[in-house]
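*Asks:* Next comes the structure file input.json, holding JSON, C-alpha atoms.
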[["chain", "number", "residue", "atom", "x", "y", "z"],
["A", 1, "ASP", "CA", 9.13, -13.06, -12.22],
["A", 2, "ALA", "CA", 8.19, -11.13, -15.34],
["A", 3, "LYS", "CA", 7.91, -7.36, -15.29],
["A", 4, "THR", "CA", 4.59, -5.64, -15.95],
["A", 5, "THR", "CA", 3.69, -2.26, -17.45],
["A", 6, "GLN", "CA", 0.48, -0.44, -16.54],
["A", 7, "PRO", "CA", -0.81, 3.06, -17.26],
["A", 8, "THR", "CA", -0.26, 5.42, -14.36],
["A", 9, "SER", "CA", -3.86, 6.51, -14.12],
["A", 10, "MET", "CA", -7.31, 6.03, -15.67],
["A", 11, "ASP", "CA", -10.71, 7.63, -15.26],
["A", 12, "CYS", "CA", -14.08, 5.93, -15.49],
["A", 13, "ALA", "CA", -17.66, 7.12, -15.16],
["A", 14, "GLU", "CA", -19.78, 5.43, -12.54],
["A", 15, "GLY", "CA", -21.83, 2.59, -14.02],
["A", 16, "ARG", "CA", -19.55, 2.14, -17.00],
["A", 17, "ALA", "CA", -17.10, -0.68, -17.53],
["A", 18, "ALA", "CA", -13.53, -0.04, -16.41],
["A", 19, "ASN", "CA", -10.94, -1.77, -18.58],
["A", 20, "LEU", "CA", -7.47, -1.79, -17.06],
["A", 21, "PRO", "CA", -4.65, -2.98, -19.34],
["A", 22, "CYS", "CA", -1.41, -4.65, -18.36],
["A", 23, "ASN", "CA", 1.55, -5.61, -20.53],
["A", 24, "HIS", "CA", 3.72, -8.55, -19.52],
["A", 25, "SER", "CA", 5.61, -9.41, -22.70],
["A", 26, "THR", "CA", 8.31, -11.45, -20.92],
["A", 27, "ILE", "CA", 5.90, -13.75, -19.11],
["A", 28, "SER", "CA", 6.95, -17.38, -19.07],
["A", 29, "GLY", "CA", 4.82, -20.46, -19.41],
["A", 30, "ASN", "CA", 4.35, -21.25, -15.76],
["A", 31, "GLU", "CA", 3.65, -17.70, -14.56],
["A", 32, "TYR", "CA", 0.22, -16.54, -13.53],
["A", 33, "VAL", "CA", -1.24, -13.05, -13.86],
["A", 34, "TYR", "CA", -2.62, -11.70, -10.59],
["A", 35, "TRP", "CA", -4.65, -8.57, -9.98],
["A", 36, "TYR", "CA", -4.88, -6.84, -6.62],
["A", 37, "ARG", "CA", -6.22, -3.47, -5.65],
["A", 38, "GLN", "CA", -5.54, -1.12, -2.78],
["A", 39, "ILE", "CA", -8.23, 1.22, -1.63],
["A", 40, "HIS", "CA", -6.85, 4.23, 0.20],
["A", 41, "SER", "CA", -5.44, 3.43, 3.66],
["A", 42, "GLN", "CA", -6.25, -0.29, 3.40],
["A", 43, "GLY", "CA", -4.20, -3.40, 2.72],
["A", 44, "PRO", "CA", -4.21, -4.77, -0.85],
["A", 45, "GLN", "CA", -7.19, -6.93, -1.79],
["A", 46, "TYR", "CA", -7.06, -9.92, -4.12],
["A", 47, "ILE", "CA", -9.29, -9.56, -7.19],
["A", 48, "ILE", "CA", -8.61, -12.35, -9.67],
["A", 49, "HIS", "CA", -5.86, -14.39, -11.30],
["A", 50, "GLY", "CA", -5.37, -16.54, -14.37],
["A", 51, "LEU", "CA", -2.88, -18.56, -16.37],
["A", 52, "LYS", "CA", -4.09, -18.50, -19.97],
["A", 53, "ASN", "CA", -7.86, -18.80, -20.00],
["A", 54, "ASN", "CA", -10.19, -15.90, -19.35],
["A", 55, "GLU", "CA", -11.49, -15.83, -15.82],
["A", 56, "THR", "CA", -14.54, -14.30, -14.18],
["A", 57, "ASN", "CA", -15.62, -13.99, -10.58],
["A", 58, "GLU", "CA", -18.02, -11.85, -8.61],
["A", 59, "MET", "CA", -15.64, -8.89, -8.68],
["A", 60, "ALA", "CA", -14.20, -8.78, -12.17],
["A", 61, "SER", "CA", -13.22, -10.49, -15.41],
["A", 62, "LEU", "CA", -9.70, -11.15, -16.58],
["A", 63, "ILE", "CA", -8.97, -11.35, -20.29],
["A", 64, "ILE", "CA", -5.56, -12.75, -21.24],
["A", 65, "THR", "CA", -4.40, -12.54, -24.86],
["A", 66, "GLU", "CA", -3.62, -15.76, -26.67],
["A", 67, "ASP", "CA", 0.12, -15.06, -26.65],
["A", 68, "ARG", "CA", -0.18, -14.16, -22.93],
["A", 69, "LYS", "CA", 1.83, -10.99, -23.42],
["A", 70, "SER", "CA", -0.93, -8.75, -22.14],
["A", 71, "SER", "CA", -4.14, -8.84, -20.14],
["A", 72, "THR", "CA", -7.10, -6.66, -19.25],
["A", 73, "LEU", "CA", -8.96, -6.47, -15.99],
["A", 74, "ILE", "CA", -12.61, -5.57, -16.49],
["A", 75, "LEU", "CA", -14.84, -4.13, -13.79],
["A", 76, "PRO", "CA", -18.20, -4.41, -15.57],
["A", 77, "HIS", "CA", -20.11, -1.68, -13.71],
["A", 78, "ALA", "CA", -17.70, 0.57, -11.86],
["A", 79, "THR", "CA", -18.85, 2.28, -8.69],
["A", 80, "LEU", "CA", -17.29, 5.03, -6.63],
["A", 81, "ARG", "CA", -16.04, 2.36, -4.22],
["A", 82, "ASP", "CA", -13.89, 0.92, -7.02],
["A", 83, "THR", "CA", -11.64, 3.98, -6.87],
["A", 84, "ALA", "CA", -8.28, 2.46, -5.94],
["A", 85, "VAL", "CA", -4.78, 1.59, -7.15],
["A", 86, "TYR", "CA", -4.87, -1.59, -9.23],
["A", 87, "TYR", "CA", -1.79, -3.79, -9.42],
["A", 88, "CYS", "CA", -1.09, -6.33, -12.14],
["A", 89, "ILE", "CA", 1.52, -8.85, -10.95],
["A", 90, "VAL", "CA", 3.07, -11.79, -12.75],
["A", 91, "LYS", "CA", 4.29, -14.58, -10.50],
["A", 92, "GLY", "CA", 5.30, -18.14, -11.03],
["A", 93, "GLN", "CA", 7.15, -19.87, -8.29],
["A", 94, "ALA", "CA", 4.93, -20.96, -5.43],
["A", 95, "GLY", "CA", 6.14, -19.85, -2.04],
["A", 96, "THR", "CA", 7.53, -16.52, -3.18],
["A", 97, "ALA", "CA", 6.05, -13.15, -2.38],
["A", 98, "LEU", "CA", 4.15, -10.82, -4.67],
["A", 99, "ILE", "CA", 6.33, -8.03, -5.99],
["A", 100, "PHE", "CA", 4.37, -4.83, -6.56],
["A", 101, "GLY", "CA", 4.95, -2.28, -9.32],
["A", 102, "LYS", "CA", 3.45, 1.19, -9.36],
["A", 103, "GLY", "CA", -0.01, 0.09, -10.51],
["A", 104, "THR", "CA", -2.81, 2.06, -12.11],
["A", 105, "THR", "CA", -4.77, 4.62, -10.12],
["A", 106, "LEU", "CA", -8.40, 4.25, -11.19],
["A", 107, "SER", "CA", -10.68, 7.16, -10.41],
["A", 108, "VAL", "CA", -14.40, 6.51, -10.73],
["A", 109, "SER", "CA", -16.57, 9.61, -10.79],
["A", 110, "SER", "CA", -20.30, 10.24, -10.86],
["B", 1, "SER", "CA", -9.02, -16.87, 2.69],
["B", 2, "ALA", "CA", -7.26, -15.61, 5.81],
["B", 3, "VAL", "CA", -8.20, -12.85, 8.24],
["B", 4, "ILE", "CA", -5.22, -10.87, 9.45],
["B", 5, "SER", "CA", -5.03, -8.35, 12.27],
["B", 6, "GLN", "CA", -2.17, -6.04, 13.12],
["B", 7, "LYS", "CA", -1.30, -4.13, 16.28],
["B", 8, "PRO", "CA", -0.91, -1.25, 16.68],
["B", 9, "SER", "CA", -2.96, 0.21, 13.83],
["B", 10, "ARG", "CA", -0.94, 3.40, 14.06],
["B", 11, "ASP", "CA", 1.70, 4.97, 16.25],
["B", 12, "ILE", "CA", 3.78, 8.09, 16.54],
["B", 13, "CYS", "CA", 7.30, 7.43, 17.80],
["B", 14, "GLN", "CA", 10.38, 9.46, 18.55],
["B", 15, "ARG", "CA", 13.56, 8.97, 16.58],
["B", 16, "GLY", "CA", 16.01, 6.54, 18.12],
["B", 17, "THR", "CA", 13.31, 4.35, 19.63],
["B", 18, "SER", "CA", 11.99, 0.98, 18.45],
["B", 19, "LEU", "CA", 8.49, -0.27, 17.70],
["B", 20, "THR", "CA", 7.31, -3.87, 17.51],
["B", 21, "ILE", "CA", 4.39, -4.60, 15.20],
["B", 22, "GLN", "CA", 2.31, -7.70, 15.76],
["B", 23, "CYS", "CA", 0.57, -9.75, 13.09],
["B", 24, "GLN", "CA", -2.08, -12.34, 14.00],
["B", 25, "VAL", "CA", -3.72, -14.71, 11.51],
["B", 26, "ASP", "CA", -6.95, -16.63, 12.04],
["B", 27, "SER", "CA", -5.54, -19.84, 10.58],
["B", 28, "GLN", "CA", -2.23, -21.65, 10.43],
["B", 29, "VAL", "CA", -0.07, -20.52, 7.53],
["B", 30, "THR", "CA", 3.47, -21.39, 6.58],
["B", 31, "MET", "CA", 4.34, -18.33, 4.54],
["B", 32, "MET", "CA", 4.26, -14.86, 6.01],
["B", 33, "PHE", "CA", 5.63, -11.69, 4.48],
["B", 34, "TRP", "CA", 6.31, -8.16, 5.70],
["B", 35, "TYR", "CA", 6.03, -5.14, 3.40],
["B", 36, "ARG", "CA", 6.69, -1.43, 3.74],
["B", 37, "GLN", "CA", 4.75, 1.28, 1.92],
["B", 38, "GLN", "CA", 6.33, 4.69, 2.08],
["B", 39, "PRO", "CA", 4.10, 7.74, 1.56],
["B", 40, "GLY", "CA", 2.74, 7.87, -1.98],
["B", 41, "GLN", "CA", 4.66, 4.76, -3.01],
["B", 42, "SER", "CA", 3.92, 1.15, -3.84],
["B", 43, "LEU", "CA", 4.58, -1.78, -1.52],
["B", 44, "THR", "CA", 8.15, -2.98, -1.02],
["B", 45, "LEU", "CA", 8.88, -6.45, 0.33],
["B", 46, "ILE", "CA", 11.00, -6.37, 3.49],
["B", 47, "ALA", "CA", 11.31, -10.06, 4.27],
["B", 48, "THR", "CA", 9.78, -13.50, 4.11],
["B", 49, "ALA", "CA", 9.21, -15.20, 7.46],
["B", 50, "ASN", "CA", 8.39, -18.87, 7.24],
["B", 51, "GLN", "CA", 7.81, -20.74, 10.46],
["B", 52, "GLY", "CA", 10.73, -22.89, 11.46],
["B", 53, "SER", "CA", 13.36, -20.97, 9.58],
["B", 54, "GLU", "CA", 15.20, -17.68, 9.75],
["B", 55, "ALA", "CA", 13.59, -14.76, 7.97],
["B", 56, "THR", "CA", 14.93, -13.99, 4.51],
["B", 57, "TYR", "CA", 15.51, -10.29, 3.90],
["B", 58, "GLU", "CA", 15.32, -8.44, 0.58],
["B", 59, "SER", "CA", 18.10, -6.26, -0.69],
["B", 60, "GLY", "CA", 18.27, -3.04, 1.29],
["B", 61, "PHE", "CA", 16.78, -4.50, 4.47],
["B", 62, "VAL", "CA", 18.84, -5.99, 7.30],
["B", 63, "ILE", "CA", 18.02, -8.01, 10.36],
["B", 64, "ASP", "CA", 19.56, -5.52, 12.77],
["B", 65, "LYS", "CA", 17.16, -2.83, 11.60],
["B", 66, "PHE", "CA", 14.08, -5.02, 11.08],
["B", 67, "PRO", "CA", 14.26, -8.10, 13.32],
["B", 68, "ILE", "CA", 11.42, -10.55, 12.77],
["B", 69, "SER", "CA", 10.07, -13.29, 14.97],
["B", 70, "ARG", "CA", 7.85, -16.16, 13.83],
["B", 71, "PRO", "CA", 7.16, -18.26, 16.92],
["B", 72, "ASN", "CA", 4.24, -20.24, 15.46],
["B", 73, "LEU", "CA", 2.02, -20.65, 12.43],
["B", 74, "THR", "CA", -0.43, -17.87, 13.34],
["B", 75, "PHE", "CA", 1.76, -15.07, 14.65],
["B", 76, "SER", "CA", 4.72, -12.88, 13.72],
["B", 77, "THR", "CA", 6.32, -9.66, 14.84],
["B", 78, "LEU", "CA", 8.36, -7.06, 12.98],
["B", 79, "THR", "CA", 10.46, -4.60, 14.95],
["B", 80, "VAL", "CA", 11.56, -1.30, 13.46],
["B", 81, "SER", "CA", 14.72, -0.44, 15.37],
["B", 82, "ASN", "CA", 16.49, 2.82, 16.04],
["B", 83, "MET", "CA", 13.87, 4.69, 14.07],
["B", 84, "SER", "CA", 14.44, 7.79, 11.97],
["B", 85, "PRO", "CA", 11.88, 9.95, 10.13],
["B", 86, "GLU", "CA", 12.68, 7.98, 6.96],
["B", 87, "ASP", "CA", 11.05, 4.94, 8.58],
["B", 88, "SER", "CA", 7.68, 6.70, 8.54],
["B", 89, "SER", "CA", 5.59, 4.29, 6.46],
["B", 90, "ILE", "CA", 2.77, 1.83, 6.52],
["B", 91, "TYR", "CA", 3.98, -1.65, 7.46],
["B", 92, "LEU", "CA", 1.88, -4.53, 6.20],
["B", 93, "CYS", "CA", 1.80, -8.18, 7.12],
["B", 94, "SER", "CA", 0.77, -10.69, 4.47],
["B", 95, "VAL", "CA", 0.24, -14.44, 4.38],
["B", 96, "GLY", "CA", 0.30, -16.91, 1.56],
["B", 97, "THR", "CA", -2.26, -19.68, 1.51],
["B", 98, "ALA", "CA", -3.88, -21.80, -1.20],
["B", 99, "GLY", "CA", -1.75, -20.09, -3.81],
["B", 100, "LEU", "CA", -2.93, -16.59, -2.95],
["B", 101, "GLN", "CA", -1.70, -13.82, -0.72],
["B", 102, "TYR", "CA", -3.78, -11.91, 1.82],
["B", 103, "PHE", "CA", -2.90, -8.68, 3.57],
["B", 104, "GLY", "CA", -3.46, -7.17, 6.95],
["B", 105, "PRO", "CA", -4.80, -3.63, 7.38],
["B", 106, "GLY", "CA", -1.34, -2.22, 7.99],
["B", 107, "THR", "CA", 0.36, -0.27, 10.78],
["B", 108, "ARG", "CA", 0.83, 3.42, 10.08],
["B", 109, "LEU", "CA", 4.06, 4.59, 11.68],
["B", 110, "THR", "CA", 5.11, 8.20, 12.01],
["B", 111, "VAL", "CA", 8.58, 8.97, 13.35],
["B", 112, "THR", "CA", 9.21, 12.48, 14.66]]
Would you write the structure of this file as structure tokens?

*Replies:*
Amino acid sequence: DAKTTQPTSMDCAEGRAANLPCNHSTISGNEYVYWYRQIHSQGPQYIIHGLKNNETNEMASLIITEDRKSSTLILPHATLRDTAVYYCIVKGQAGTALIFGKGTTLSVSS
Amino acid sequence: SAVISQKPSRDICQRGTSLTIQCQVDSQVTMMFWYRQQPGQSLTLIATANQGSEATYESGFVIDKFPISRPNLTFSTLTVSNMSPEDSSIYLCSVGTAGLQYFGPGTRLTVT
């Protein structure tokens, strides 16, 4: 599975959009981009995933560049409860486990 | 989605003892995974436990230290054997279904 690079930490004001970048320049054609988050002392929570098209659900939007070498997770109106570690994971082969990097610690403040 | 419960939620154990962590899923799943999260660190995959086959361990993890059982499609156990303070971590169970992975709440283990 391709390696990802994320900033160590980011800050965001409550009510503003949080844009979390992820680089995955070695991604291959059949690999998806997954985003999970881990709120303190809880298990990781699935947010969204995509292959090459932009995706949106009730939690977030995922923007994938045309060359698929990077992506951005967008939380449109961040709240204090969005403070968490966000993991960008690239995975292809079905049946294999997610491999977690260090992620981005997002701090949302009022 | 899948709802996963783990027992115990936390425990404090003495070095040299063993602890068995239980993972229960509300639906039948083929793929189940066990992770460890050491203090302040990210998640590390310990092993993959698919029903009907032996668990597959990642580099750095061995069956003698972390034996796993997978008796059916809704249940698994992970045992942390002969514990030392370095085993103090959160242990998480995860299942794969419909192309996604879901996680339990974790078991917080402290070894003194």

*Asks:* Would you compute, for all listed atoms of stretch 90-108 of chain B, the axis-aligned bounding box grown by 3 Å on each side, and then report its centre and edge lengths in Å rounded to one decimal, as AutoDock Vina command-line options?

*Replies:*
--center_x -0.4 --center_y -9.2 --center_z 3.5 --size_x 14.8 --size_y 31.2 --size_z 20.6

*Asks:* Counting all atoms listed in the file, which residues in chain B sit no more than 6 Å from chain A? For each one, give the nearest pair of atoms and the distance in Å, sorted by chain then residue number, as CSV.

*Replies:*
residue,atom,partner,partner_atom,distance
B:Ser42,CA,A:Lys102,CA,5.5
B:Leu43,CA,A:Phe100,CA,5.9
B:Phe103,CA,A:Gly43,CA,5.5
B:Gly104,CA,A:Gly43,CA,5.7
B:Pro105,CA,A:Gly43,CA,4.7

*Asks:* Generate the output file for the selected residues, C-alpha atoms, as an mmCIF file, in the frame of the given file.

*Replies:*
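In the end it all went to out_28.cif:
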data_model
loop_
_atom_site.group_PDB
_atom_site.id
_atom_site.type_symbol
_atom_site.label_atom_id
_atom_site.label_comp_id
_atom_site.auth_asym_id
_atom_site.auth_seq_id
_atom_site.Cartn_x
_atom_site.Cartn_y
_atom_site.Cartn_z
ATOM 1 C CA SER B 42 3.920 1.150 -3.840
ATOM 2 C CA LEU B 43 4.580 -1.780 -1.520
ATOM 3 C CA PHE B 103 -2.900 -8.680 3.570
ATOM 4 C CA GLY B 104 -3.460 -7.170 6.950
ATOM 5 C CA PRO B 105 -4.800 -3.630 7.380
#

*Asks:* Mind giving me the straight-line distance from atom CA of B:Leu45 to atom CA of B:Phe33 in Å, one decimal?

*Replies:*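 We find that atom CA of B:Leu45 and atom CA of B:Phe33 lie 7.4 Å from each other.
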
*Asks:* I want to know what sits within 12 Å of B:Thr30, based on all atoms listed in the file, with residues of the same chain fewer than 3 positions away left out; could you give that as a ChimeraX atom specification?

*Replies:* /A:95-96 /B:25,27,33,48-53,70-76,94-99,101

*Asks:* Tell me, in Å to one decimal, how far atom CA of B:Thr112 is from atom CA of B:Ile63.

*Replies:* 22.7 Å

*Asks:* Please identify all polymer residues within 10 Å of A:Glu66, counting only C-alpha atoms, omitting same-chain residues fewer than 5 positions from it, and present them as a PyMOL selection string.

*Replies:* chain A and resi 52-54+71

*Asks:* Which neighbours of A:His40 fall inside 12 Å, counting all atoms listed in the file, when residues of the same chain fewer than 6 positions from it are skipped, and could you give them as a PyMOL selection string?

*Replies:* (chain A and resi 81-86+105-107) or (chain B and resi 39-42+90+105-106)

*Asks:* Name the residues in contact with stretch 4-20 of chain A at a cut-off of 6 Å, using all atoms listed in the file, excluding same-chain residues fewer than 3 positions from it; report them as a PyMOL selection string.

*Replies:* chain A and resi 23-24+72-79+104-110

*Asks:* For a quick check of your reading of the model, name the residues lying within 12 Å of the coordinate (8.9, 5.2, 20.2), counting only C-alpha atoms, and write them as a list in words.

*Replies:* Arg10, Asp11, Ile12, Cys13, Gln14, Arg15, Gly16, Thr17, Ser18, Leu19, Thr20, Ile21, Thr79, Val80, Ser81, Asn82, Met83, Ser84, Pro85, Asp87, Ser88, Leu109, Thr110, Val111 and Thr112 of chain B

*Asks:* I need the residues from that last selection saved to file as a tab-separated table (two decimals), keeping the file's coordinate frame (with C-alpha atoms), if you can.

*Replies:*
chain	number	residue	atom	x	y	z
B	10	ARG	CA	-0.94	3.40	14.06
B	11	ASP	CA	1.70	4.97	16.25
B	12	ILE	CA	3.78	8.09	16.54
B	13	CYS	CA	7.30	7.43	17.80
B	14	GLN	CA	10.38	9.46	18.55
B	15	ARG	CA	13.56	8.97	16.58
B	16	GLY	CA	16.01	6.54	18.12
B	17	THR	CA	13.31	4.35	19.63
B	18	SER	CA	11.99	0.98	18.45
B	19	LEU	CA	8.49	-0.27	17.70
B	20	THR	CA	7.31	-3.87	17.51
B	21	ILE	CA	4.39	-4.60	15.20
B	79	THR	CA	10.46	-4.60	14.95
B	80	VAL	CA	11.56	-1.30	13.46
B	81	SER	CA	14.72	-0.44	15.37
B	82	ASN	CA	16.49	2.82	16.04
B	83	MET	CA	13.87	4.69	14.07
B	84	SER	CA	14.44	7.79	11.97
B	85	PRO	CA	11.88	9.95	10.13
B	87	ASP	CA	11.05	4.94	8.58
B	88	SER	CA	7.68	6.70	8.54
B	109	LEU	CA	4.06	4.59	11.68
B	110	THR	CA	5.11	8.20	12.01
B	111	VAL	CA	8.58	8.97	13.35
B	112	THR	CA	9.21	12.48	14.66

*Asks:* Using Å and a single decimal, report how far atom CA of A:Gly50 sits from atom CA of A:Ile63.

*Replies:*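 We find that atom CA of A:Ile63 and atom CA of A:Gly50 lie 8.7 Å from each other.
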
*Asks:* Of the candidates B:Thr77, B:Thr44, B:Ser69, B:Gln37, which one gets nearest to B:Gln6 if we count only C-alpha atoms?

*Replies:*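 The answer is B:Thr77, which sits nearest to B:Gln6.
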
*Asks:* Pick from A:Ile27, A:Ile47, A:Cys22, A:Ile39: nearest to B:Leu100, with all atoms listed in the file counted?

*Replies:*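 Looking only at the distances to B:Leu100, the closest residue turns out to be A:Ile47.
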
*Asks:* For a quick check of understanding, using only C-alpha atoms, which of B:Ala47, B:Glu86, B:Pro8, B:Asp26 has the smallest distance to B:Pro67?

*Replies:*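 Of B:Ala47, B:Glu86, B:Pro8, B:Asp26, the one nearest B:Pro67, counting only C-alpha atoms, is B:Ala47.
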
*Asks:* Counting all atoms listed in the file, figure out which residue out of A:Val90, A:Leu80, A:Pro21, A:Asn30 gets nearest to A:Thr65.

*Replies:* A:Pro21
